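S.K.: Contents of upload-v1.txt (compact mmCIF, C-alpha atoms) are given next:
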# COMPACT_ATOMS: atom_id res chain seq x y z
CA MET Y 1 -0.26 -21.93 15.16
CA SER Y 2 -3.79 -21.76 16.50
CA THR Y 3 -6.55 -23.95 15.09
CA ASN Y 4 -8.60 -20.84 14.30
CA GLU Y 5 -5.75 -19.52 12.18
CA THR Y 6 -5.46 -22.78 10.25
CA ARG Y 7 -9.19 -23.23 9.73
CA LEU Y 8 -9.88 -19.63 8.73
CA ARG Y 9 -6.96 -19.53 6.36
CA GLU Y 10 -8.15 -22.69 4.66
CA LEU Y 11 -11.63 -21.22 4.22
CA LEU Y 12 -10.25 -17.96 2.85
CA VAL Y 13 -7.93 -19.66 0.37
CA CYS Y 14 -10.79 -21.89 -0.86
CA GLY Y 15 -13.04 -18.85 -1.01
CA MET Y 16 -10.54 -16.88 -3.09
CA GLY Y 17 -10.36 -19.87 -5.39
CA GLY Y 18 -14.10 -19.50 -6.09
CA ASP Y 19 -15.74 -21.66 -3.37
CA ALA Y 20 -18.63 -19.42 -2.30
CA ALA Y 21 -19.71 -21.65 0.59
CA ALA Y 22 -16.21 -21.62 2.06
CA TYR Y 23 -16.01 -17.87 1.62
CA HIS Y 24 -19.35 -17.39 3.32
CA ALA Y 25 -18.18 -19.54 6.25
CA PHE Y 26 -14.94 -17.55 6.40
CA LEU Y 27 -16.76 -14.22 6.60
CA GLN Y 28 -19.18 -15.54 9.18
CA ALA Y 29 -16.43 -16.84 11.46
CA LEU Y 30 -14.35 -13.73 10.87
CA SER Y 31 -17.21 -11.40 11.79
CA ALA Y 32 -17.60 -13.21 15.12
CA HIS Y 33 -13.89 -12.89 15.84
CA LEU Y 34 -13.84 -9.23 14.85
CA ARG Y 35 -16.85 -8.57 17.08
CA GLY Y 36 -15.18 -10.27 20.03
CA PHE Y 37 -11.92 -8.43 19.41
CA LEU Y 38 -13.46 -5.01 18.88
CA ARG Y 39 -15.92 -5.30 21.78
CA GLY Y 40 -12.95 -5.86 24.05
CA ARG Y 41 -11.14 -2.81 22.64
CA LEU Y 42 -13.89 -0.27 22.12
CA THR Y 43 -15.31 -0.49 25.62
CA ARG Y 44 -16.06 3.22 25.57
CA LEU Y 45 -17.82 3.07 22.24
CA PRO Y 46 -20.05 -0.02 22.40
CA ASP Y 47 -22.45 1.43 19.82
CA GLU Y 48 -19.68 1.69 17.23
CA VAL Y 49 -18.63 -1.94 17.40
CA GLU Y 50 -21.02 -3.38 14.83
CA ASP Y 51 -20.32 -0.54 12.37
CA LEU Y 52 -16.63 -1.22 12.70
CA VAL Y 53 -17.18 -4.97 12.26
CA GLN Y 54 -18.99 -4.24 8.99
CA GLU Y 55 -16.41 -1.71 7.83
CA THR Y 56 -13.59 -4.16 8.56
CA LEU Y 57 -15.38 -7.02 6.80
CA LEU Y 58 -15.84 -4.83 3.74
CA ALA Y 59 -12.16 -3.85 3.86
CA VAL Y 60 -11.04 -7.48 4.25
CA HIS Y 61 -13.16 -8.36 1.22
CA ASN Y 62 -12.07 -5.43 -0.96
CA GLN Y 63 -8.41 -5.91 -0.04
CA ARG Y 64 -8.28 -9.70 -0.21
CA HIS Y 65 -5.81 -9.44 -3.10
CA THR Y 66 -3.28 -8.09 -0.59
CA TYR Y 67 -3.26 -11.31 1.41
CA ASP Y 68 -0.15 -13.35 0.80
CA PRO Y 69 -1.12 -17.00 1.43
CA ASP Y 70 2.30 -17.63 3.00
CA GLN Y 71 1.66 -14.96 5.59
CA PRO Y 72 -0.13 -15.60 8.92
CA LEU Y 73 -3.78 -14.67 8.45
CA THR Y 74 -3.80 -13.42 12.04
CA ALA Y 75 -1.27 -10.69 11.23
CA TRP Y 76 -3.11 -9.61 8.09
CA VAL Y 77 -6.55 -9.40 9.69
CA HIS Y 78 -5.17 -7.73 12.80
CA ALA Y 79 -3.45 -5.05 10.72
CA ILE Y 80 -6.68 -4.31 8.84
CA ALA Y 81 -8.84 -4.25 11.98
CA ARG Y 82 -6.29 -2.04 13.74
CA TYR Y 83 -6.14 0.35 10.78
CA LYS Y 84 -9.93 0.66 10.71
CA MET Y 85 -10.07 1.09 14.48
CA ILE Y 86 -7.45 3.84 14.47
CA ASP Y 87 -9.30 5.47 11.59
CA LEU Y 88 -12.49 5.47 13.66
CA LEU Y 89 -10.77 6.80 16.78
CA ARG Y 90 -9.06 9.51 14.77
CA ARG Y 91 -12.38 10.58 13.29
CA ARG Y 92 -13.73 10.93 16.80
CA GLU Y 93 -10.66 12.76 18.06
CA GLY Y 94 -11.56 15.83 20.03
CA ARG Y 95 -14.49 14.01 21.55
CA ASP Y 96 -12.37 11.17 22.93
CA ALA Y 97 -8.66 10.80 23.03
CA LEU Y 98 -7.09 7.59 21.79
CA HIS Y 99 -7.21 5.53 24.97
CA GLU Y 100 -7.91 2.10 23.65
CA PRO Y 101 -5.04 -0.35 23.92
CA LEU Y 102 -3.92 -1.77 20.57
CA ASP Y 103 -2.41 -5.01 21.65
CA GLU Y 104 -0.75 -7.85 19.91
CA GLU Y 105 -1.90 -9.76 16.84
CA ALA Y 106 -2.82 -13.07 18.46
CA ALA Y 107 -5.76 -11.42 20.22
CA ILE Y 108 -7.65 -11.05 16.95
CA PHE Y 109 -8.87 -14.66 16.85
CA ALA Y 110 -8.89 -15.14 20.63
CA LYS Y 111 -12.54 -14.28 21.17
CA SER Y 112 -15.61 -14.97 19.18
CA ASP Y 113 -18.91 -13.20 19.60
CA THR Y 114 -21.84 -14.20 17.43
CA GLU Y 115 -24.29 -11.86 19.10
CA ALA Y 116 -24.46 -9.04 16.63
CA ALA Y 117 -25.90 -5.78 17.82
CA ASP Y 118 -27.57 -3.54 15.27
CA ALA Y 119 -25.24 -1.35 13.32
CA GLN Y 120 -25.91 2.37 13.48
CA ARG Y 121 -24.98 2.97 9.90
CA ASP Y 122 -27.41 1.47 7.44
CA LEU Y 123 -25.41 0.08 4.53
CA ALA Y 124 -28.64 -0.68 2.68
CA ARG Y 125 -29.38 3.03 2.65
CA LEU Y 126 -25.85 3.86 1.49
CA LEU Y 127 -26.29 1.29 -1.26
CA GLU Y 128 -29.19 3.34 -2.63
CA GLN Y 129 -26.71 6.06 -3.58
CA LEU Y 130 -24.91 3.78 -6.03
CA PRO Y 131 -25.77 3.78 -9.73
CA ASP Y 132 -28.19 1.07 -10.90
CA ARG Y 133 -25.52 -0.95 -12.69
CA GLN Y 134 -23.81 -1.51 -9.31
CA ARG Y 135 -26.78 -1.42 -6.97
CA LEU Y 136 -29.15 -3.78 -8.79
CA PRO Y 137 -26.74 -6.70 -9.09
CA ILE Y 138 -25.97 -6.52 -5.35
CA VAL Y 139 -29.64 -6.25 -4.42
CA HIS Y 140 -30.79 -9.05 -6.67
CA MET Y 141 -27.89 -11.42 -6.33
CA LYS Y 142 -28.04 -12.01 -2.65
CA LEU Y 143 -30.89 -10.35 -0.88
CA GLU Y 144 -33.22 -12.49 -2.90
CA GLY Y 145 -30.82 -15.39 -3.16
CA LEU Y 146 -30.52 -15.31 -6.94
CA SER Y 147 -27.61 -16.72 -8.89
CA VAL Y 148 -25.58 -14.64 -11.33
CA ALA Y 149 -27.58 -16.00 -14.26
CA GLU Y 150 -30.90 -15.22 -12.61
CA ALA Y 151 -29.77 -11.77 -11.47
CA ALA Y 152 -28.72 -11.08 -15.05
CA ARG Y 153 -32.16 -12.06 -16.31
CA VAL Y 154 -34.03 -9.98 -13.71
CA THR Y 155 -31.92 -6.85 -14.28
CA GLY Y 156 -31.59 -7.27 -18.05
CA MET Y 157 -27.81 -7.05 -17.70
CA THR Y 158 -25.27 -9.51 -19.04
CA GLU Y 159 -23.76 -11.97 -16.56
CA ALA Y 160 -20.38 -10.31 -16.95
CA ALA Y 161 -21.93 -6.92 -16.19
CA VAL Y 162 -23.63 -8.33 -13.08
CA LYS Y 163 -20.30 -9.65 -11.77
CA VAL Y 164 -18.50 -6.39 -12.49
CA GLY Y 165 -21.37 -4.44 -10.96
CA VAL Y 166 -21.21 -6.37 -7.67
CA HIS Y 167 -17.43 -6.06 -7.53
CA ARG Y 168 -17.31 -2.33 -8.24
CA GLY Y 169 -20.37 -1.66 -6.12
CA LEU Y 170 -18.71 -3.10 -3.01
CA LYS Y 171 -15.64 -0.93 -3.61
CA ALA Y 172 -17.88 2.10 -4.11
CA LEU Y 173 -19.71 1.24 -0.89
CA ALA Y 174 -16.42 1.33 1.04
CA ALA Y 175 -15.61 4.70 -0.55
CA LEU Y 176 -19.04 6.00 0.49
CA ILE Y 177 -18.38 4.93 4.08
CA ARG Y 178 -15.09 6.83 4.02
CA GLY Y 179 -16.78 9.89 2.61
CA ALA Y 180 -19.76 9.71 4.93
CA ALA Y 181 -17.70 9.05 8.02
CA MET X 1 -28.48 -3.32 8.62
CA LYS X 2 -27.51 -6.78 9.82
CA THR X 3 -23.96 -7.92 9.38
CA ASP X 4 -25.23 -11.22 7.98
CA GLN X 5 -26.75 -9.32 5.09
CA LEU X 6 -23.43 -7.66 4.34
CA ILE X 7 -21.80 -11.10 4.37
CA ASP X 8 -24.32 -12.21 1.76
CA TRP X 9 -23.40 -9.25 -0.42
CA LEU X 10 -19.72 -9.96 -0.07
CA THR X 11 -20.23 -13.61 -0.94
CA ALA X 12 -22.06 -12.50 -4.07
CA ASP X 13 -18.86 -10.91 -5.36
CA THR X 14 -17.49 -13.92 -7.15
CA ALA X 15 -14.70 -12.13 -8.98
CA VAL X 16 -11.73 -14.48 -8.77
CA VAL X 17 -8.84 -12.80 -7.07
CA ALA X 18 -5.34 -13.75 -8.10
CA PRO X 19 -2.96 -13.14 -5.23
CA TRP X 20 0.16 -11.39 -6.48
CA VAL X 21 -1.67 -9.18 -9.06
CA TRP X 22 0.07 -6.30 -7.36
CA ARG X 23 3.45 -7.65 -8.44
CA MET X 24 2.59 -7.05 -12.07
CA ARG X 25 1.19 -3.62 -11.25
CA TYR X 26 4.36 -2.58 -9.45
CA ALA X 27 6.51 -3.96 -12.27
CA LEU X 28 4.56 -1.86 -14.76
CA ALA X 29 4.82 1.21 -12.51
CA LEU X 30 8.59 0.78 -12.25
CA GLY X 31 8.87 0.36 -16.02
CA ALA X 32 6.78 3.46 -16.63
CA GLY X 33 8.82 5.40 -14.06
CA VAL X 34 12.14 4.48 -15.65
CA ILE X 35 10.90 5.30 -19.16
CA GLY X 36 9.55 8.62 -17.88
CA ALA X 37 12.83 9.45 -16.15
CA VAL X 38 14.91 8.59 -19.23
CA ALA X 39 12.62 10.65 -21.46
CA LEU X 40 12.87 13.65 -19.12
CA MET X 41 16.64 13.27 -18.85
CA LEU X 42 17.07 13.14 -22.64
CA ALA X 43 14.70 16.07 -23.17
CA LEU X 44 16.03 18.35 -20.42
CA LEU X 45 19.66 17.34 -19.93
CA GLY X 46 21.12 14.81 -22.37
CA VAL X 47 23.59 12.00 -21.65
CA ARG X 48 27.04 13.24 -20.65
CA PRO X 49 29.13 13.40 -23.85
CA ASP X 50 32.12 11.55 -22.36
CA ILE X 51 30.08 8.60 -21.06
CA ALA X 52 32.17 6.01 -22.94
CA ASP X 53 35.35 7.24 -21.22
CA ALA X 54 33.64 7.66 -17.87
CA ALA X 55 32.42 4.06 -18.00
CA GLN X 56 36.08 2.95 -17.81
CA LEU X 57 36.33 4.38 -14.30
CA PRO X 58 35.21 2.32 -11.29
CA MET X 59 33.68 5.44 -9.71
CA PHE X 60 31.16 5.64 -12.56
CA TRP X 61 29.81 2.24 -11.53
CA VAL X 62 29.87 3.14 -7.84
CA LYS X 63 27.78 6.16 -8.77
CA LEU X 64 25.19 3.87 -10.39
CA ALA X 65 25.40 1.19 -7.70
CA PHE X 66 24.64 3.65 -4.90
CA PRO X 67 21.10 4.59 -6.02
CA LEU X 68 20.46 1.11 -7.47
CA THR X 69 21.13 -0.69 -4.19
CA LEU X 70 18.93 1.85 -2.44
CA ALA X 71 16.25 1.20 -5.07
CA GLY X 72 16.48 -2.53 -4.39
CA ALA X 73 15.93 -2.05 -0.66
CA ALA X 74 13.20 0.50 -1.34
CA VAL X 75 11.32 -2.02 -3.51
CA LEU X 76 11.14 -4.31 -0.48
CA ALA X 77 9.98 -1.43 1.69
CA VAL X 78 7.28 -0.43 -0.81
CA VAL X 79 5.95 -3.98 -1.11
CA ARG X 80 5.92 -4.68 2.62
CA LEU X 81 4.30 -1.37 3.46
CA SER X 82 1.59 -1.99 0.84
CA LEU X 83 0.35 -5.21 2.44
CA PRO X 84 -1.32 -5.26 5.87
CA GLY X 85 0.56 -7.06 8.62
CA VAL X 86 3.83 -7.69 6.79
CA PRO X 87 6.70 -6.59 9.06
CA LEU X 88 9.54 -4.47 7.65
CA GLY X 89 12.11 -6.87 9.10
CA ARG X 90 15.62 -5.91 8.08
CA VAL X 91 14.58 -3.49 5.35
CA PRO X 92 15.61 -0.38 7.37
CA SER X 93 19.15 -1.81 7.70
CA ALA X 94 19.22 -2.60 3.98
CA LEU X 95 18.27 1.02 3.29
CA ALA X 96 20.90 2.40 5.65
CA ALA X 97 23.75 0.21 4.37
CA PRO X 98 24.43 1.90 0.99
CA VAL X 99 24.25 5.33 2.62
CA LEU X 100 26.72 4.35 5.33
CA VAL X 101 29.09 2.83 2.78
CA MET X 102 28.95 6.02 0.71
CA TRP X 103 29.57 8.18 3.79
CA LEU X 104 32.47 5.98 4.81
CA LEU X 105 33.94 6.32 1.33
CA SER X 106 33.40 10.09 1.55
CA ALA X 107 35.21 10.25 4.88
CA VAL X 108 38.18 8.37 3.40
CA VAL X 109 38.29 10.64 0.33
CA LEU X 110 37.95 13.86 2.35
CA SER X 111 40.52 12.88 4.94
CA GLY X 112 43.01 11.98 2.22
CA ALA X 113 42.54 15.26 0.36
CA ALA X 114 44.34 18.53 0.91
CA PRO X 115 42.19 20.94 2.99
CA ASP X 116 41.71 23.38 0.12
CA GLU X 117 40.41 20.61 -2.17
CA ARG X 118 37.73 19.40 0.19
CA SER X 119 35.13 21.94 -0.72
CA ALA X 120 35.45 21.04 -4.42
CA LEU X 121 35.03 17.34 -3.60
CA LEU X 122 31.83 18.04 -1.69
CA PHE X 123 30.22 20.68 -3.88
CA GLY X 124 31.60 19.80 -7.30
CA GLU X 125 30.28 22.16 -9.94
CA THR X 126 26.65 21.10 -9.97
CA TRP X 127 25.58 20.70 -6.34
CA ALA X 128 22.71 23.16 -6.68
CA GLU X 129 21.09 21.56 -9.72
CA CYS X 130 21.67 17.90 -8.81
CA PRO X 131 18.92 17.46 -6.15
CA VAL X 132 16.48 19.49 -8.25
CA TYR X 133 16.95 17.31 -11.35
CA VAL X 134 16.93 14.07 -9.37
CA THR X 135 13.58 15.16 -7.94
CA ILE X 136 12.22 16.09 -11.38
CA LEU X 137 13.33 12.77 -12.89
CA SER X 138 11.71 10.90 -10.00
CA LEU X 139 8.25 12.35 -10.54
CA PRO X 140 6.93 9.85 -13.15
CA ALA X 141 7.86 6.92 -10.91
CA LEU X 142 6.45 8.64 -7.83
CA VAL X 143 3.07 9.14 -9.50
CA ALA X 144 3.00 5.60 -10.90
CA LEU X 145 4.00 3.98 -7.60
CA LEU X 146 1.47 5.93 -5.54
CA TRP X 147 -1.16 5.03 -8.11
CA VAL X 148 -0.48 1.33 -7.60
CA MET X 149 -0.16 1.72 -3.84
CA LYS X 150 -3.64 3.21 -3.80
CA THR X 151 -5.02 -0.10 -5.11
CA LEU X 152 -3.41 -1.89 -2.15
CA ALA X 153 -3.80 -1.51 1.60
CA PRO X 154 -0.98 0.47 3.27
CA THR X 155 -1.69 0.70 7.00
CA GLN X 156 1.12 3.20 7.64
CA PRO X 157 0.51 5.81 4.94
CA VAL X 158 3.33 8.19 5.91
CA LEU X 159 5.97 5.46 5.79
CA ALA X 160 4.43 3.87 2.69
CA GLY X 161 4.40 7.19 0.84
CA ALA X 162 7.98 7.87 1.92
CA ALA X 163 9.09 4.46 0.66
CA ALA X 164 7.42 5.07 -2.71
CA GLY X 165 9.15 8.46 -2.88
CA LEU X 166 12.51 7.02 -1.96
CA LEU X 167 12.20 4.32 -4.63
CA ALA X 168 11.20 6.94 -7.20
CA GLY X 169 14.11 9.14 -6.08
CA ALA X 170 16.59 6.26 -6.35
CA LEU X 171 15.43 5.57 -9.91
CA GLY X 172 15.62 9.28 -10.72
CA ALA X 173 19.16 9.44 -9.32
CA THR X 174 20.24 6.39 -11.33
CA VAL X 175 19.02 7.96 -14.55
CA TYR X 176 20.45 11.36 -13.60
CA ALA X 177 23.85 9.69 -13.09
CA LEU X 178 23.99 9.10 -16.87
CA HIS X 179 24.01 12.87 -17.36
CA CYS X 180 25.87 14.07 -14.28
CA PRO X 181 29.62 14.76 -14.63
CA GLU X 182 30.43 14.52 -10.89
CA MET X 183 32.47 11.53 -9.77
CA ASP X 184 33.37 12.11 -6.12
CA ALA X 185 31.94 10.16 -3.20
CA PRO X 186 31.37 13.23 -0.97
CA PHE X 187 29.24 14.77 -3.71
CA LEU X 188 27.19 11.59 -4.15
CA GLY X 189 26.76 11.05 -0.41
CA ALA X 190 25.37 14.56 0.00
CA TRP X 191 23.55 15.75 -3.13
CA TYR X 192 22.38 12.46 -4.63
CA LEU X 193 21.08 11.52 -1.21
CA LEU X 194 19.33 14.87 -0.82
CA GLY X 195 17.86 14.44 -4.31
CA MET X 196 16.39 11.08 -3.23
CA LEU X 197 15.13 12.40 0.10
CA ILE X 198 13.12 15.20 -1.51
CA PRO X 199 10.76 12.80 -3.36
CA ALA X 200 10.68 10.63 -0.22
CA THR X 201 9.43 13.67 1.71
CA LEU X 202 6.88 14.43 -1.00
CA GLY X 203 5.67 10.83 -0.73
CA ALA X 204 5.45 11.04 3.05
CA VAL X 205 3.35 14.19 2.79
CA ALA X 206 1.12 12.80 0.02
CA GLY X 207 0.69 9.37 1.65
CA PRO X 208 -1.95 10.14 4.30
CA ARG X 209 -3.91 12.25 1.81
CA LEU X 210 -3.84 9.86 -1.13
CA LEU X 211 -3.63 6.39 0.35
CA ARG X 212 -6.71 6.12 2.58
CA TRP X 213 -8.72 2.97 2.08
Would you mind writing the structure in this file as structure tokens?
M.R.:
Amino acid sequence: MSTNETRLRELLVCGMGGDAAAYHAFLQALSAHLRGFLRGRLTRLPDEVEDLVQETLLAVHNQRHTYDPDQPLTAWVHAIARYKMIDLLRRREGRDALHEPLDEEAAIFAKSDTEAADAQRDLARLLEQLPDRQRLPIVHMKLEGLSVAEAARVTGMTEAAVKVGVHRGLKALAALIRGAA
Amino acid sequence: MKTDQLIDWLTADTAVVAPWVWRMRYALALGAGVIGAVALMLALLGVRPDIADAAQLPMFWVKLAFPLTLAGAAVLAVVRLSLPGVPLGRVPSALAAPVLVMWLLSAVVLSGAAPDERSALLFGETWAECPVYVTILSLPALVALLWVMKTLAPTQPVLAGAAAGLLAGALGATVYALHCPEMDAPFLGAWYLLGMLIPATLGAVAGPRLLRW
């Protein structure tokens, strides 16, 4: 088992247990691996890579309850990235046929690329379409580095409502991407 | 927007995620599906009046075991197809086994029967209504299972939908068996199977439309 697999899985499991720093580190490392993986696959669509990295990250986050901790993380992440990649290629069908090779799972953590290009799709703009009870907690919680308690004070919402708002808002964001795509 | 900013948003979602929540959801969906099937069976058909006598015969239990073993294998298929990156493994063989056993049994029964009895063994008296009622009884479970599947991440929506439909069909067939008077293997191997394959087809068609994530 690769060291990346072991390290990332540890970070994810800690993160799902409530360790925000570990979760942040997991997402950061994962985004670099996804970028490396997808850049190697989507050679014809270099401008789509960062969008797909973001879409896959959002999917990994929203579907983290489907990860079985006994299962190789490599296989789980690869299946999600592959699903999102096929989804993208299918959306573009007609313009390009599906040429990109979809190779084996191990490749997902083989490369790492921390040089993020700009995404074409602006998630911040999509976020504006969400209702206030979902949008405000997301905006205040992280963009300005506030804690749940502070975000609750700023928005006048309860702490529970802030948490629910963030959670549902991120799901709604993924649905917006699907609809907008 | 920068990917780092998205990562900050995602980190802000501190909802604690219990792995395995989907187990409870599927258990509830199965429970709701069985209750729905029993309610429909009682309302539309009724339990066969001679069920106490029929239960003395081994074939009655074979008739229940056939869809139940298929349901067991279909549960594995539904779960594995709901989670990204979990291979199906031997599930296809487990699904094929009860069907092959039933067909083998049918072949033995048909070859041992007089030629003019064979058609009665295959068609019984209710071949036309059997697949229709199995399908109807499977609908509550089909809806409940697809509902749960939608909260998970099936990467092969056609197969995942088909597995949900097959599981629903197997439950529908099990409940229908409490009403159905037929007791011959050729009948079960043809019409019960067809009754289970109809909801499986419905699931396969609905999958790509309903299960996108």
S.K.: With all atoms listed in the file as the counted atoms, please give the residues lying no more than 8 Å from Arg135 in chain Y, apart from itself and same-chain residues fewer than 5 positions off, as a VMD selection string.
M.R.: chain Y and resid 127 to 128 130 165 to 166 169
S.K.: Could you check how far CA of Met141 in chain Y sits from CA of Leu27 in chain Y, in Å to one decimal?
M.R.: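 Computing the Euclidean distance for CA of Met141 in chain Y and CA of Leu27 in chain Y yields 17.3 Å.
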S.K.: Please report as a PyMOL selection string which residues of chain Y come no farther than 7 Å from chain X, using all atoms listed in the file.
M.R.: chain Y and resi 16-18+20+23-24+27+54+61+63+65-68+75-76+79-80+83+118-119+122-124+138+141-142+163+166-167
S.K.: Please measure the separation of CA of Arg82 in chain Y and CA of Pro157 in chain X, giving the value in Å to one decimal.
M.R.: 13.6 Å
S.K.: Between CA of Asn62 in chain Y and CA of Tyr26 in chain X, what is the distance, to one decimal in Å?
M.R.: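 Interatomic distance here is 18.7 Å.
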S.K.: Please provide the set of residues having any atom within 12 Å of Gln129 in chain Y, restricted to only C-alpha atoms, with same-chain residues fewer than 3 positions apart removed, written as a VMD selection string.
M.R.: chain Y and resid 122 to 126 132 to 136 169 172 to 173 175 to 177 180
S.K.: Report as a ChimeraX atom specification all protein, DNA and RNA residues lying within 7 Å of Val78 in chain X, evaluated on all atoms listed in the file, omitting residues in the same chain fewer than 4 positions from it.
M.R.: /X:74,82,160,163-164
S.K.: List every residue of range 87-191 of chain X that has an atom at most 10 Å from any atom of range 47-62 of chain X, giving for each one its closest atom pair and the distance in Å to one decimal, counting all atoms listed in the file, sorted by chain and then by ascending residue number, as CSV.
M.R.:
residue,atom,partner,partner_atom,distance
X:Met102,CA,X:Val62,CA,9.1
X:Val175,CA,X:Val47,CA,9.4
X:Tyr176,CA,X:Val47,CA,8.7
X:Ala177,CA,X:Phe60,CA,8.4
X:Leu178,CA,X:Val47,CA,5.6
X:His179,CA,X:Val47,CA,4.4
X:Cys180,CA,X:Arg48,CA,6.5
X:Pro181,CA,X:Arg48,CA,6.7
X:Glu182,CA,X:Phe60,CA,9.1
X:Met183,CA,X:Met59,CA,6.2
X:Asp184,CA,X:Met59,CA,7.6
X:Ala185,CA,X:Met59,CA,8.2
X:Leu188,CA,X:Val62,CA,9.6
S.K.: Write out as number ranges by chain which residues come within 12 Å of Asn4 in chain Y when counting all atoms listed in the file, dropping same-chain ones fewer than 2 positions away.
M.R.: Y: 1-2, 6-12, 26, 29-30, 32-33, 72-74, 106-112
S.K.: Based on the selection just made, write C-alpha atoms of those residues as a PDB file, in the frame of the given file.
M.R.:
ATOM      1  CA  MET Y   1      -0.260 -21.930  15.160  1.00  0.00           C
ATOM      2  CA  SER Y   2      -3.790 -21.760  16.500  1.00  0.00           C
ATOM      3  CA  THR Y   6      -5.460 -22.780  10.250  1.00  0.00           C
ATOM      4  CA  ARG Y   7      -9.190 -23.230   9.730  1.00  0.00           C
ATOM      5  CA  LEU Y   8      -9.880 -19.630   8.730  1.00  0.00           C
ATOM      6  CA  ARG Y   9      -6.960 -19.530   6.360  1.00  0.00           C
ATOM      7  CA  GLU Y  10      -8.150 -22.690   4.660  1.00  0.00           C
ATOM      8  CA  LEU Y  11     -11.630 -21.220   4.220  1.00  0.00           C
ATOM      9  CA  LEU Y  12     -10.250 -17.960   2.850  1.00  0.00           C
ATOM     10  CA  PHE Y  26     -14.940 -17.550   6.400  1.00  0.00           C
ATOM     11  CA  ALA Y  29     -16.430 -16.840  11.460  1.00  0.00           C
ATOM     12  CA  LEU Y  30     -14.350 -13.730  10.870  1.00  0.00           C
ATOM     13  CA  ALA Y  32     -17.600 -13.210  15.120  1.00  0.00           C
ATOM     14  CA  HIS Y  33     -13.890 -12.890  15.840  1.00  0.00           C
ATOM     15  CA  PRO Y  72      -0.130 -15.600   8.920  1.00  0.00           C
ATOM     16  CA  LEU Y  73      -3.780 -14.670   8.450  1.00  0.00           C
ATOM     17  CA  THR Y  74      -3.800 -13.420  12.040  1.00  0.00           C
ATOM     18  CA  ALA Y 106      -2.820 -13.070  18.460  1.00  0.00           C
ATOM     19  CA  ALA Y 107      -5.760 -11.420  20.220  1.00  0.00           C
ATOM     20  CA  ILE Y 108      -7.650 -11.050  16.950  1.00  0.00           C
ATOM     21  CA  PHE Y 109      -8.870 -14.660  16.850  1.00  0.00           C
ATOM     22  CA  ALA Y 110      -8.890 -15.140  20.630  1.00  0.00           C
ATOM     23  CA  LYS Y 111     -12.540 -14.280  21.170  1.00  0.00           C
ATOM     24  CA  SER Y 112     -15.610 -14.970  19.180  1.00  0.00           C
TER      25      SER Y 112
END
S.K.: Nearest residue to Ile136 in chain X out of X:Leu171, X:Ala77, X:Ala114, X:Leu100, using only C-alpha atoms?
M.R.: X:Leu171
S.K.: For Pro92 in chain X, please output as a ChimeraX atom specification all residues within 9 Å (counting all atoms listed in the file; exclusion window: fewer than 4 positions along the same chain).
M.R.: /X:73,77,88,96-97
S.K.: Just checking: using all atoms listed in the file, which residue out of X:Pro67, X:Gly207, X:Gly161, X:Pro140 ends up closest to Leu194 in chain X?
M.R.: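 Under the stated criterion, the closest residue is X:Pro67.
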S.K.: Give as a list in words the set of residues within 10 Å of the point (6.0, 5.9, -16.7), where distances use the file's coordinates and all atoms listed in the file.
M.R.: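 Protein, DNA and RNA residues close to (6.0, 5.9, -16.7): Leu28, Ala29, Leu30, Gly31, Ala32, Gly33, Val34, Ile35, Gly36, Ala37, Val38, Ala39, Leu139, Pro140, Ala141, Leu142, Val143, Ala144 and Leu145 of chain X.
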